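Structure file final34.cif (mmCIF, C-alpha atoms and all ligand atoms) follows.
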data_entry
#
loop_
_atom_site.label_atom_id
_atom_site.label_comp_id
_atom_site.auth_asym_id
_atom_site.auth_seq_id
_atom_site.Cartn_x
_atom_site.Cartn_y
_atom_site.Cartn_z
CA MET A 81 4.07 -22.89 -22.97
CA ILE A 82 1.97 -26.08 -22.94
CA THR A 83 -0.05 -24.65 -20.03
CA TRP A 84 -1.02 -21.60 -22.09
CA ARG A 85 -1.96 -23.73 -25.09
CA ILE A 86 -4.20 -25.88 -22.89
CA ALA A 87 -5.78 -22.75 -21.39
CA ILE A 88 -6.50 -21.22 -24.82
CA ALA A 89 -7.90 -24.53 -26.12
CA LEU A 90 -10.13 -24.82 -23.06
CA CYS A 91 -11.48 -21.26 -23.40
CA THR A 92 -12.25 -21.92 -27.06
CA LEU A 93 -14.01 -25.16 -26.16
CA LEU A 94 -16.09 -23.39 -23.51
CA ALA A 95 -17.11 -20.67 -25.95
CA VAL A 96 -18.19 -22.90 -28.82
CA LEU A 97 -20.15 -25.51 -26.87
CA PRO A 98 -23.94 -25.47 -27.38
CA SER A 99 -26.06 -24.21 -24.51
CA GLU A 100 -28.91 -26.67 -24.40
CA ALA A 101 -31.07 -27.96 -21.57
CA LEU A 102 -29.55 -25.93 -18.80
CA ALA A 103 -30.21 -26.10 -15.10
CA GLY A 104 -31.16 -23.06 -13.05
CA ALA A 105 -28.60 -20.45 -12.14
CA CYS A 106 -28.86 -21.41 -8.51
CA CYS A 107 -27.14 -24.73 -8.79
CA MET A 108 -24.74 -24.45 -11.67
CA SER A 109 -21.68 -23.52 -9.64
CA SER A 110 -22.71 -25.10 -6.34
CA SER A 111 -20.84 -28.34 -6.61
CA VAL A 112 -18.17 -27.74 -9.18
CA TYR A 113 -15.24 -28.00 -6.77
CA GLY A 114 -14.57 -28.71 -3.12
CA VAL A 115 -17.15 -28.17 -0.40
CA GLY A 116 -18.91 -25.44 -2.40
CA ARG A 117 -22.38 -24.55 -1.20
CA LEU A 118 -25.86 -25.98 -0.82
CA LYS A 119 -28.42 -25.79 -3.60
CA ASP A 120 -31.65 -23.88 -2.89
CA TRP A 121 -33.67 -26.98 -2.13
CA GLU A 122 -31.03 -28.90 -0.20
CA ASN A 123 -30.83 -29.01 3.59
CA ALA A 124 -27.53 -30.81 3.80
CA ALA A 125 -24.81 -32.26 1.65
CA GLY A 126 -21.81 -34.46 2.16
CA GLY A 127 -19.07 -35.92 0.12
CA SER A 128 -15.65 -37.37 -0.12
CA SER A 129 -12.74 -36.94 -2.45
CA LEU A 130 -9.51 -38.63 -3.30
CA SER A 131 -6.59 -36.49 -4.46
CA TRP A 132 -3.20 -37.34 -5.85
CA LEU A 133 -0.60 -34.67 -5.14
CA HIS A 134 2.71 -34.82 -6.93
CA THR A 135 5.48 -32.39 -5.98
CA THR A 136 7.67 -31.47 -8.94
CA GLY A 137 9.96 -28.92 -7.26
CA ALA A 138 9.91 -25.66 -5.33
CA TRP A 139 10.46 -21.92 -5.61
CA ASP A 140 13.07 -20.49 -3.27
CA GLN A 141 12.96 -17.22 -1.31
CA ALA A 142 13.94 -15.27 -4.45
CA GLY A 143 11.27 -16.92 -6.60
CA ARG A 144 13.67 -19.16 -8.52
CA TYR A 145 12.28 -22.56 -9.42
CA ALA A 146 14.24 -25.80 -9.03
CA GLY A 147 13.03 -29.33 -9.75
CA LEU A 148 13.14 -32.10 -7.15
CA GLY A 149 15.71 -34.10 -9.14
CA ALA A 150 16.15 -37.69 -7.98
CA THR A 151 13.79 -37.22 -5.05
CA GLN A 152 10.17 -38.24 -5.33
CA SER A 153 7.35 -36.76 -3.27
CA ASP A 154 3.72 -37.85 -3.66
CA ASP A 155 0.69 -37.77 -1.42
CA MET A 156 -2.69 -39.37 -1.66
CA ARG A 157 -5.32 -37.51 0.30
CA ALA A 158 -8.78 -38.77 1.15
CA GLN A 159 -11.23 -36.25 2.46
CA VAL A 160 -14.74 -36.38 3.88
CA TRP A 161 -16.88 -33.30 4.33
CA ALA A 162 -20.39 -32.42 5.38
CA MET A 163 -22.47 -29.28 5.17
CA ALA A 164 -25.82 -28.43 6.77
CA ARG A 165 -28.23 -25.53 6.68
CA PHE A 166 -28.96 -23.74 9.97
CA HIS A 167 -30.82 -20.81 8.40
CA ALA A 168 -32.28 -19.97 5.01
CA ARG A 169 -29.10 -17.98 4.39
CA GLY A 170 -26.64 -19.81 6.60
CA THR A 171 -24.79 -23.08 6.30
CA ALA A 172 -22.06 -24.73 8.36
CA TRP A 173 -19.47 -27.22 7.17
CA VAL A 174 -16.76 -29.50 8.46
CA ARG A 175 -13.97 -31.19 6.51
CA ALA A 176 -11.49 -33.86 7.62
CA PRO A 177 -8.59 -35.13 5.52
CA LEU A 178 -6.62 -38.35 5.79
CA GLN A 179 -3.24 -38.45 4.08
CA LEU A 180 -1.05 -41.23 2.76
CA GLY A 181 2.41 -39.89 2.01
CA PHE A 182 4.98 -41.53 -0.27
CA ARG A 183 8.58 -40.33 -0.41
CA SER A 184 11.78 -41.63 -1.89
CA ALA A 185 15.28 -40.17 -2.10
CA ALA A 186 18.85 -41.26 -2.64
CA GLY A 187 20.09 -41.35 0.97
CA THR A 188 23.56 -42.02 2.33
CA SER A 189 22.88 -45.75 2.52
CA GLY A 190 21.28 -46.15 -0.88
CA GLU A 191 17.67 -45.56 -1.81
CA LEU A 192 15.52 -44.29 1.04
CA ARG A 193 11.77 -44.91 0.93
CA SER A 194 9.02 -44.08 3.35
CA GLN A 195 5.26 -43.96 3.53
CA ALA A 196 2.89 -42.99 6.29
CA LEU A 197 -0.81 -42.63 6.94
CA SER A 198 -1.79 -39.52 8.92
CA ALA A 199 -4.80 -37.43 9.78
CA GLY A 200 -4.56 -33.92 8.35
CA ASP A 201 -5.69 -30.50 9.59
CA MET A 202 -9.45 -30.26 9.98
CA ASP A 203 -11.52 -27.32 8.72
CA LEU A 204 -14.85 -26.09 9.93
CA GLY A 205 -16.80 -22.95 9.27
CA ALA A 206 -19.98 -21.18 8.37
CA ARG A 207 -21.18 -19.41 5.24
CA TRP A 208 -23.72 -16.63 5.09
CA ALA A 209 -25.35 -15.65 1.80
CA PHE A 210 -26.35 -11.98 1.71
CA VAL A 211 -27.64 -12.49 -1.82
CA GLU A 212 -27.76 -16.14 -2.83
CA VAL A 213 -26.79 -17.24 -6.33
CA GLY A 214 -29.90 -17.25 -8.50
CA GLU A 215 -31.98 -15.47 -5.85
CA GLU A 216 -32.66 -12.47 -8.01
CA ALA A 217 -32.12 -12.35 -11.73
CA GLY A 218 -29.43 -9.96 -12.87
CA GLN A 219 -28.06 -9.40 -9.38
CA THR A 220 -24.60 -10.20 -8.14
CA ALA A 221 -24.62 -12.86 -5.43
CA ILE A 222 -22.62 -12.10 -2.28
CA ALA A 223 -21.64 -14.58 0.40
CA SER A 224 -19.11 -14.51 3.22
CA SER A 225 -17.53 -17.39 5.09
CA LEU A 226 -15.68 -17.66 8.36
CA GLY A 227 -13.52 -20.74 8.72
CA LEU A 228 -11.32 -22.26 11.38
CA THR A 229 -8.45 -24.64 10.68
CA VAL A 230 -7.78 -27.03 13.55
CA PRO A 231 -4.18 -28.31 13.79
CA SER A 232 -5.13 -31.97 14.02
CA GLY A 233 -2.40 -33.10 11.60
CA ARG A 234 1.13 -34.04 12.56
CA THR A 235 3.58 -31.15 12.12
CA THR A 236 7.18 -31.34 10.91
CA ALA A 237 8.34 -30.82 14.51
CA GLU A 238 6.40 -33.92 15.57
CA SER A 239 7.47 -35.97 12.54
CA ARG A 240 10.14 -38.65 12.88
CA ASP A 241 10.21 -39.64 9.23
CA PRO A 242 13.51 -38.99 7.40
CA LEU A 243 11.60 -37.76 4.35
CA GLY A 244 8.66 -36.17 6.11
CA ALA A 245 6.10 -38.62 4.70
CA ASP A 246 4.07 -38.39 7.91
CA VAL A 247 3.77 -34.58 7.93
CA ALA A 248 0.09 -33.71 7.46
CA GLY A 249 -0.36 -30.46 9.36
CA ARG A 250 1.11 -27.02 9.70
CA GLY A 251 0.69 -26.51 13.44
CA GLY A 252 -1.48 -23.84 15.00
CA PHE A 253 -5.06 -22.75 14.48
CA ALA A 254 -5.95 -20.38 11.64
CA LEU A 255 -8.96 -18.14 11.05
CA THR A 256 -10.08 -17.42 7.51
CA LEU A 257 -12.60 -14.84 6.39
CA SER A 258 -13.63 -14.86 2.77
CA THR A 259 -16.11 -13.09 0.54
CA ALA A 260 -17.25 -14.30 -2.84
CA LEU A 261 -19.08 -12.38 -5.55
CA GLU A 262 -20.80 -14.34 -8.27
CA ARG A 263 -22.61 -13.35 -11.42
CA THR A 264 -24.51 -15.57 -13.81
CA TRP A 265 -25.26 -15.16 -17.50
CA MET A 266 -26.67 -18.51 -18.44
CA PRO A 267 -24.92 -20.77 -19.25
CA TRP A 268 -21.90 -18.88 -17.89
CA PHE A 269 -20.92 -17.82 -14.42
CA VAL A 270 -17.99 -15.85 -13.05
CA ARG A 271 -16.90 -15.69 -9.45
CA GLY A 272 -14.34 -13.59 -7.63
CA THR A 273 -13.21 -14.51 -4.14
CA VAL A 274 -11.04 -12.67 -1.65
CA ALA A 275 -9.95 -14.54 1.46
CA GLY A 276 -7.83 -13.37 4.36
CA SER A 277 -6.27 -15.89 6.70
CA LEU A 278 -4.81 -15.24 10.12
CA PRO A 279 -2.75 -18.09 11.56
CA LEU A 280 -2.63 -18.03 15.36
CA PRO A 281 0.63 -18.44 17.31
CA PHE A 282 1.64 -21.86 18.58
CA GLU A 283 4.50 -23.26 20.61
CA ARG A 284 6.98 -25.35 18.66
CA GLU A 285 7.31 -28.75 20.28
CA ASP A 286 11.04 -29.12 19.53
CA THR A 287 12.34 -25.69 20.52
CA GLY A 288 9.60 -24.39 22.82
CA VAL A 289 9.63 -21.13 20.84
CA TRP A 290 6.29 -19.51 19.96
CA GLN A 291 5.85 -18.93 16.27
CA ARG A 292 3.18 -17.69 13.93
CA PHE A 293 2.89 -18.11 10.19
CA GLY A 294 2.34 -14.90 8.25
CA PRO A 295 -1.18 -13.69 7.51
CA SER A 296 -2.20 -14.37 3.95
CA VAL A 297 -4.52 -13.06 1.26
CA THR A 298 -5.90 -15.25 -1.51
CA ILE A 299 -7.54 -13.74 -4.55
CA SER A 300 -9.17 -16.03 -7.07
CA GLY A 301 -11.17 -15.62 -10.22
CA THR A 302 -13.31 -18.37 -11.72
CA ALA A 303 -15.11 -18.59 -15.03
CA GLY A 304 -17.37 -21.54 -15.65
CA ARG A 305 -20.02 -22.83 -17.94
CA GLU A 306 -22.67 -25.47 -17.96
CA LEU A 307 -21.73 -27.66 -20.90
CA TRP A 308 -24.96 -29.59 -20.95
CA SER A 309 -27.59 -30.27 -18.35
CA GLY A 310 -25.89 -31.34 -15.13
CA THR A 311 -22.31 -30.93 -16.35
CA VAL A 312 -20.34 -27.85 -15.40
CA LEU A 313 -16.76 -26.96 -16.31
CA SER A 314 -14.80 -24.14 -14.68
CA ALA A 315 -11.34 -22.62 -14.75
CA THR A 316 -9.82 -20.75 -11.80
CA LEU A 317 -6.72 -18.64 -11.46
CA GLN A 318 -5.68 -17.89 -7.91
CA GLY A 319 -2.85 -16.21 -6.06
CA THR A 320 -1.91 -16.40 -2.39
CA TRP A 321 0.39 -13.87 -0.79
CA GLU A 322 1.69 -14.72 2.67
CA GLY A 323 3.51 -12.43 5.09
CA SER A 324 6.64 -13.22 7.08
CA LEU A 325 6.84 -15.98 9.62
CA VAL A 326 7.29 -14.64 13.14
CA SER A 327 9.50 -16.67 15.46
CA GLY A 328 9.66 -15.50 19.07
CA ALA A 329 9.14 -11.78 18.55
CA THR A 330 11.05 -11.38 15.30
CA ALA A 331 10.01 -11.70 11.68
CA VAL A 332 12.13 -14.30 9.88
CA PRO A 333 13.87 -12.68 6.89
CA ASP A 334 13.02 -14.06 3.44
CA SER A 335 10.09 -16.07 4.79
CA ARG A 336 7.35 -14.40 2.75
CA ALA A 337 5.58 -16.72 0.36
CA LEU A 338 3.64 -16.53 -2.88
CA LEU A 339 1.82 -19.08 -4.97
CA ILE A 340 -0.08 -18.52 -8.19
CA ASN A 341 -1.82 -21.52 -9.65
CA GLY A 342 -4.55 -22.57 -12.01
CA LEU A 343 -7.35 -25.03 -11.44
CA LEU A 344 -9.70 -26.81 -13.81
CA ALA A 345 -12.79 -28.41 -12.35
CA MET A 346 -15.67 -30.36 -13.74
CA SER A 347 -18.80 -31.67 -12.09
CA HIS A 348 -21.35 -34.04 -13.48
CA GLN A 349 -24.67 -34.96 -11.96
CA ILE A 350 -24.85 -38.73 -12.07
CA GLY A 351 -28.51 -38.96 -11.26
CA GLY A 352 -30.69 -37.86 -8.40
CA GLU A 353 -28.74 -36.28 -5.60
CA TRP A 354 -25.32 -37.56 -6.62
CA THR A 355 -22.65 -35.48 -8.32
CA LEU A 356 -19.24 -36.57 -9.53
CA GLN A 357 -16.40 -34.05 -9.31
CA LEU A 358 -13.10 -33.96 -11.15
CA ALA A 359 -10.40 -31.32 -10.75
CA ALA A 360 -6.76 -30.68 -11.55
CA SER A 361 -4.47 -27.90 -10.43
CA ALA A 362 -0.96 -26.85 -11.39
CA ALA A 363 1.36 -23.92 -11.91
CA PRO A 364 4.04 -23.38 -14.55
CA PRO A 365 7.50 -24.45 -13.28
CA VAL A 366 9.09 -21.09 -13.98
CA ALA A 367 10.45 -18.22 -11.90
CA GLY A 368 7.97 -15.77 -10.39
CA TRP A 369 4.91 -18.00 -9.98
CA GLY A 370 5.90 -18.90 -6.46
CA VAL A 371 8.12 -17.91 -3.56
CA ASN A 372 9.04 -20.29 -0.73
CA ARG A 373 6.49 -22.82 -1.89
CA PRO A 374 6.60 -26.27 -3.50
CA LEU A 375 5.00 -26.81 -6.89
CA VAL A 376 2.33 -29.43 -6.35
CA VAL A 377 0.38 -30.83 -9.29
CA SER A 378 -2.85 -32.33 -8.09
CA THR A 379 -5.79 -34.26 -9.45
CA VAL A 380 -8.97 -34.75 -7.48
CA LEU A 381 -11.86 -37.17 -7.87
CA GLY A 382 -14.83 -36.50 -5.64
CA VAL A 383 -18.39 -37.47 -5.07
CA ARG A 384 -21.13 -35.29 -3.55
CA TYR A 385 -24.50 -36.21 -2.14
CA GLY A 386 -27.17 -33.56 -1.65
CA TYR A 387 -29.87 -34.25 0.90
CA VAL A 388 -33.35 -32.99 0.10
CA PRO A 389 -35.84 -33.28 2.99
CA MET B 270 20.10 1.52 37.49
CA LYS B 271 18.31 -1.80 37.10
CA ARG B 272 17.23 -0.78 33.59
CA TRP B 273 20.85 -0.14 32.58
CA MET B 274 21.89 -3.53 33.89
CA LEU B 275 19.08 -5.18 31.96
CA LEU B 276 20.08 -3.34 28.78
CA LEU B 277 23.73 -4.35 29.27
CA THR B 278 22.71 -7.98 29.81
CA MET B 279 20.59 -7.87 26.65
CA VAL B 280 23.42 -6.39 24.56
CA CYS B 281 25.80 -9.08 25.87
CA ALA B 282 23.27 -11.84 25.17
CA LEU B 283 22.66 -10.47 21.68
CA SER B 284 26.34 -10.27 20.82
CA VAL B 285 26.94 -13.83 22.02
CA GLY B 286 23.95 -14.97 19.94
CA CYS B 287 25.30 -13.21 16.85
CA MET B 288 28.73 -14.73 17.29
CA ALA B 289 27.22 -18.21 17.46
CA ALA B 290 25.27 -17.73 14.25
CA GLU B 291 28.08 -16.26 12.10
CA PRO B 292 29.67 -18.78 9.77
CA GLU B 293 33.35 -19.49 10.47
CA THR B 294 33.56 -16.50 12.86
CA LEU B 295 35.93 -17.03 15.72
CA ALA B 296 36.52 -14.90 18.73
CA ALA B 297 39.73 -15.05 20.74
CA GLY B 298 39.59 -18.15 22.87
CA ALA B 299 36.83 -19.76 20.82
CA LEU B 300 37.11 -23.19 19.27
CA GLN B 301 37.48 -23.55 15.51
CA VAL B 302 34.80 -25.73 13.97
CA THR B 303 34.57 -26.85 10.36
CA ALA B 304 31.94 -29.08 8.79
CA SER B 305 31.43 -30.63 5.38
CA PHE B 306 28.96 -33.11 3.93
CA ASP B 307 30.01 -36.61 2.99
CA GLY B 308 30.40 -36.70 -0.78
CA GLY B 309 30.59 -32.90 -0.99
CA ASP B 310 26.95 -31.88 -1.34
CA ALA B 311 23.96 -32.27 0.95
CA LYS B 312 21.00 -34.30 -0.33
CA ILE B 313 17.32 -34.48 0.52
CA GLY B 314 17.05 -37.22 3.15
CA GLN B 315 19.75 -38.57 5.45
CA ASN B 316 23.29 -37.19 5.25
CA ILE B 317 26.61 -37.67 7.04
CA LEU B 318 28.47 -34.59 8.25
CA HIS B 319 32.24 -34.61 8.84
CA ILE B 320 33.28 -32.15 11.56
CA THR B 321 36.65 -31.02 12.87
CA VAL B 322 37.26 -29.17 16.13
CA SER B 323 40.51 -27.32 16.90
CA ASP B 324 41.62 -25.02 19.68
CA ARG B 325 42.58 -21.35 19.21
CA ASP B 326 46.08 -22.36 18.04
CA GLY B 327 44.74 -24.82 15.47
CA ALA B 328 45.56 -27.97 17.44
CA LYS B 329 43.00 -30.76 16.85
CA LEU B 330 40.76 -31.28 19.85
CA PRO B 331 39.21 -34.67 20.70
CA GLY B 332 36.67 -35.06 23.50
CA ALA B 333 34.53 -32.05 22.67
CA VAL B 334 30.74 -32.10 22.99
CA VAL B 335 29.45 -31.51 19.47
CA THR B 336 25.83 -30.85 18.51
CA VAL B 337 24.26 -30.48 15.06
CA ASP B 338 20.98 -28.61 14.61
CA PRO B 339 19.45 -28.46 11.10
CA GLN B 340 16.69 -25.85 10.74
CA MET B 341 14.57 -24.44 7.90
CA PRO B 342 14.16 -20.85 9.18
CA THR B 343 11.80 -19.70 6.43
CA HIS B 344 9.52 -22.73 6.97
CA GLY B 345 9.66 -22.56 10.77
CA HIS B 346 10.75 -26.13 11.49
CA GLY B 347 13.75 -28.31 12.10
CA SER B 348 14.82 -31.81 11.20
CA SER B 349 12.71 -34.91 11.77
CA GLU B 350 15.68 -36.80 13.22
CA THR B 351 18.30 -35.87 15.82
CA PRO B 352 21.85 -36.47 14.55
CA VAL B 353 24.13 -38.66 16.66
CA VAL B 354 27.70 -37.33 16.86
CA LYS B 355 30.61 -39.77 17.16
CA ASP B 356 34.09 -38.75 18.25
CA GLY B 357 36.54 -40.31 15.81
CA GLY B 358 39.59 -39.05 17.70
CA GLN B 359 42.18 -36.41 16.73
CA GLY B 360 39.55 -33.68 16.52
CA ALA B 361 37.47 -35.46 13.89
CA TYR B 362 33.76 -36.05 14.51
CA THR B 363 30.97 -37.59 12.43
CA ALA B 364 27.28 -36.65 12.69
CA SER B 365 24.63 -39.01 11.32
CA PRO B 366 21.89 -38.95 10.21
CA VAL B 367 21.76 -35.26 9.36
CA THR B 368 18.25 -35.42 7.99
CA LEU B 369 17.12 -32.70 5.59
CA GLN B 370 13.68 -34.01 4.81
CA MET B 371 12.63 -31.49 2.19
CA GLN B 372 13.68 -29.14 -0.58
CA GLY B 373 14.50 -25.53 0.31
CA HIS B 374 16.88 -23.50 2.45
CA TRP B 375 18.49 -25.20 5.46
CA LYS B 376 20.73 -23.66 8.14
CA ILE B 377 22.80 -26.30 9.89
CA THR B 378 24.41 -25.06 13.12
CA VAL B 379 27.33 -27.13 14.42
CA THR B 380 28.38 -26.25 17.97
CA ALA B 381 31.39 -27.61 19.87
CA THR B 382 32.09 -27.22 23.58
CA HIS B 383 35.30 -28.22 25.31
CA ASP B 384 35.83 -27.33 28.97
CA THR B 385 34.75 -23.67 29.11
CA GLU B 386 35.34 -22.86 25.46
CA THR B 387 32.85 -23.05 22.62
CA GLY B 388 32.85 -22.58 18.88
CA ALA B 389 30.31 -22.89 16.12
CA THR B 390 29.87 -22.88 12.38
CA VAL B 391 26.74 -22.51 10.31
CA LEU B 392 26.28 -24.19 6.95
CA ASP B 393 23.81 -22.60 4.54
CA VAL B 394 22.42 -25.21 2.20
CA THR B 395 19.79 -24.82 -0.49
CA LEU B 396 18.43 -28.13 -1.75
CU CU C 1 10.42 -27.11 5.22
#
Step by step, read the file and then write its structure as structure tokens.
Ligand SMILES: [Cu+2]
Amino acid sequence: MITWRIAIALCTLLAVLPSEALAGACCMSSSVYGVGRLKDWENAAGGSSLSWLHTTGAWDQAGRYAGLGATQSDDMRAQVWAMARFHARGTAWVRAPLQLGFRSAAGTSGELRSQALSAGDMDLGARWAFVEVGEEAGQTAIASSLGLTVPSGRTTAESRDPLGADVAGRGGFALTLSTALERTWMPWFVRGTVAGSLPLPFEREDTGVWQRFGPSVTISGTAGRELWSGTVLSATLQGTWEGSLVSGATAVPDSRALLINGLLAMSHQIGGEWTLQLAASAAPPVAGWGVNRPLVVSTVLGVRYGYVP
Amino acid sequence: MKRWMLLLTMVCALSVGCMAAEPETLAAGALQVTASFDGGDAKIGQNILHITVSDRDGAKLPGAVVTVDPQMPTHGHGSSETPVVKDGGQGAYTASPVTLQMQGHWKITVTATHDTETGATVLDVTL
């Protein structure tokens, strides 16, 4: 209920804000969240972010939500990323996370606490802009990306922590192909993204059995607006549908997953090439918004530097 | 001929596998295994599991080799710790720590072997 009220209030705020002193269409949405993309005049960009991830509960295989109760599960994730242009239309990026996990639970011998610092799964990829944002007025921008997730983080099978505080990876490589369409009506922009991910099989260290996570599709829609020069606010709704996990040669029953969540992001140019990024994501803790997934509420603070030759 | 033998072997292997995974299912000659969590319910984190092993006539059986394997089938992983099983005598065993490190559905398979006989039970736990 509160989530909806916040969403309505935010939409109203976006609609009534004055549209003064706006930047070009090309850069409005470039840095609003995550790695994003390069601005027209940039040759490279880099940044880091610090996220706080708080798990409130999980949805089971039937989509029923249950809170974590007396257990506490939090993660702090630091991330560095870099992006460089290799062609007028092509950029490549790399992203490496570092995770500090905090867990506590009421164990058999009283309160159990653990924390661990671990490297997470790395991402790298390339983006190709068929029509770049702001390239031609009134045209829809189209860009595709191909990404590879490298299983550099510790998996649950490799973890020795009684509460899994040191788990920072899923195991196995994954290929992701995504296409984004973006349209600008100053000071607004809307973006739709479809991404398909194919996790590759890997051998489980504990059992020696080969397994593969289900392929997934993520569809997201973003609406954003430049509030004033250099400050952009956006709201995203996204859903990820994941197929069954395959263990050995058989699909594991009830292993399909779903997660629908919302994300609010804000970026503010703090002078020159530097941009400050703020984001928060959550989902309502009710049945149907997830299947076989934890509900993680996250807040992100990031900084981005754009290099102009 | 060889194909038939292979098929027969596969059917046998499958049926043995199914028997091992069925909760509280006992075949003639199999051991009876029961298991329950200390305090009644399983919790996220470390747990203690109380296990009993009996023969086909219900007589308590000490000296069996008992293993406990917690798995999250829908997540594709097991437990972060390997439980140590202690024989308390008179067919009673204790496994600790039975570590269920996260919320969700766990399948805990308890297997007992004594001489040439085996038995198993599977606990389905949703945390
Ligand atoms: Cu799990």
Using only C-alpha atoms and all ligand atoms, what table do you get, as JSON lines, when you list each residue of chain A with an atom no more than 10 Å from ligand CU 1 (chain C), its nearest pair of atoms, and their distance in Å rounded to one decimal, rows by chain then rising number?
{"residue": "A:Thr236", "atom": "CA", "partner": "C:CU1", "partner_atom": "CU", "distance": 7.8}
{"residue": "A:Gly244", "atom": "CA", "partner": "C:CU1", "partner_atom": "CU", "distance": 9.3}
{"residue": "A:Asn372", "atom": "CA", "partner": "C:CU1", "partner_atom": "CU", "distance": 9.2}
{"residue": "A:Arg373", "atom": "CA", "partner": "C:CU1", "partner_atom": "CU", "distance": 9.2}
{"residue": "A:Pro374", "atom": "CA", "partner": "C:CU1", "partner_atom": "CU", "distance": 9.6}
Go ahead and save the picked residues with C-alpha atoms, as a CSV table (one decimal), in the coordinates of the input.
chain,number,residue,atom,x,y,z
A,236,THR,CA,7.2,-31.3,10.9
A,244,GLY,CA,8.7,-36.2,6.1
A,372,ASN,CA,9.0,-20.3,-0.7
A,373,ARG,CA,6.5,-22.8,-1.9
A,374,PRO,CA,6.6,-26.3,-3.5
Would you tabulate, counting all atoms listed in the file, all residues of chain B that have an atom at most 6 Å from an atom of chain A, showing the closest pair of atoms and their distance in Å to one decimal, sorted by chain then ascending number, as JSON lines?
{"residue": "B:Gly314", "atom": "CA", "partner": "A:Gly187", "partner_atom": "CA", "distance": 5.6}
{"residue": "B:Gln315", "atom": "CA", "partner": "A:Gly187", "partner_atom": "CA", "distance": 5.3}
{"residue": "B:Asn316", "atom": "CA", "partner": "A:Thr188", "partner_atom": "CA", "distance": 5.7}
{"residue": "B:Thr343", "atom": "CA", "partner": "A:Ser335", "partner_atom": "CA", "distance": 4.3}
{"residue": "B:Ser349", "atom": "CA", "partner": "A:Arg240", "partner_atom": "CA", "distance": 4.7}
{"residue": "B:Glu350", "atom": "CA", "partner": "A:Arg240", "partner_atom": "CA", "distance": 5.9}
{"residue": "B:Thr368", "atom": "CA", "partner": "A:Pro242", "partner_atom": "CA", "distance": 6.0}
{"residue": "B:Gln370", "atom": "CA", "partner": "A:Leu243", "partner_atom": "CA", "distance": 4.3}
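Distance check against Gly328 of chain A using only C-alpha atoms: of A:Val274, A:Ser128, A:Trp290, A:Pro389, the minimum falls on A:Trp290.
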Practice task
Could you check how far atom CA of Thr273 of chain A sits from atom CA of Asp155 of chain A, in Å to one decimal?
Solution key: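 Interatomic distance, atom CA of Thr273 of chain A to atom CA of Asp155 of chain A: 27.2 Å.
Residue nearest Phe306 of chain B, chosen from B:Ile377, B:Val394, B:Ala328, B:Leu318 and counting all atoms listed in the file: B:Leu318.
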Practice task
Kindly indicate which residue among A:Thr264, A:Gln318, A:Ser232, A:Ser131 lies nearest to Gly252 of chain A, using all atoms listed in the file for the distances.
Solution key: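 The shortest atom-to-atom distance to Gly252 of chain A comes from A:Ser232.
When all atoms listed in the file are used to compute distances to Gly382 of chain A, the closest of the residues A:Arg157, A:Arg234, A:Arg263, A:His167 turns out to be A:Arg157.
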Problem - Contacts of Ala367 of chain A within 9 Å, all atoms listed in the file, excl. fewer than 2 positions in-chain, as a PyMOL selection string - result: chain A and resi 139+142-146+364-365+369-371
Practice task
Could you please give me, as number ranges by chain, the residues of protein, DNA or RNA lying at most 6 Å from (22.7, -36.7, 16.9) in the coordinate frame of the file, considering only C-alpha atoms?
Solution key: B: 351-354
Resulting file, chosen residues, C-alpha atoms, as a PDB file, keeping the file's coordinate frame:
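Wrote it out as selection01.pdb, contents follow:
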ATOM      1  CA  THR B 351      18.300 -35.870  15.820  1.00  0.00           C
ATOM      2  CA  PRO B 352      21.850 -36.470  14.550  1.00  0.00           C
ATOM      3  CA  VAL B 353      24.130 -38.660  16.660  1.00  0.00           C
ATOM      4  CA  VAL B 354      27.700 -37.330  16.860  1.00  0.00           C
TER       5      VAL B 354
END
Tell me which residues come within 6 Å of (-13.5, -21.3, -12.5), as a PDB file with C-alpha atoms, keeping the file's coordinate frame, counting only C-alpha atoms in the file's coordinates.
ATOM      1  CA  THR A 302     -13.310 -18.370 -11.720  1.00  0.00           C
ATOM      2  CA  ALA A 303     -15.110 -18.590 -15.030  1.00  0.00           C
ATOM      3  CA  GLY A 304     -17.370 -21.540 -15.650  1.00  0.00           C
ATOM      4  CA  SER A 314     -14.800 -24.140 -14.680  1.00  0.00           C
ATOM      5  CA  ALA A 315     -11.340 -22.620 -14.750  1.00  0.00           C
ATOM      6  CA  THR A 316      -9.820 -20.750 -11.800  1.00  0.00           C
TER       7      THR A 316
END
Problem - Contacts of segment 332-339 of chain B within 6 Å, all atoms listed in the file, excl. fewer than 5 positions in-chain, as a VMD selection string - result: chain B and resid 347 to 348 376 to 383
Practice task
Give me, please, the distance in Å between atom CA of Ile340 of chain A and atom CA of Leu255 of chain A, quoted to one decimal.
Solution key: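 Going from atom CA of Ile340 of chain A over to atom CA of Leu255 of chain A covers 21.2 Å.
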Exercise for the section: Grab the atom CA of Arg384 of chain A to atom CA of Pro279 of chain A distance for me, in Å with one decimal place. Expected result: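 Straight-line distance from atom CA of Arg384 of chain A to atom CA of Pro279 of chain A works out to 29.4 Å.
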Exercise for the section: Excluding Gln219 of chain A and any residue of its chain fewer than 4 positions from it, enumerate the residues within 12 Å of it, using only C-alpha atoms, and give them as a list in words. Expected result: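 Listing them by chain and then by number gives Ala105, Phe210, Val211, Glu212, Val213, Gly214, Glu215, Leu261, Glu262, Arg263, Thr264 and Trp265 of chain A.
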Practice task
Excluding Thr311 of chain A and residues on its chain fewer than 5 positions from it, collect all residues at most 8 Å away from it, counting all atoms listed in the file, and give them as a PyMOL selection string.
Solution key: chain A and resi 306+346-349
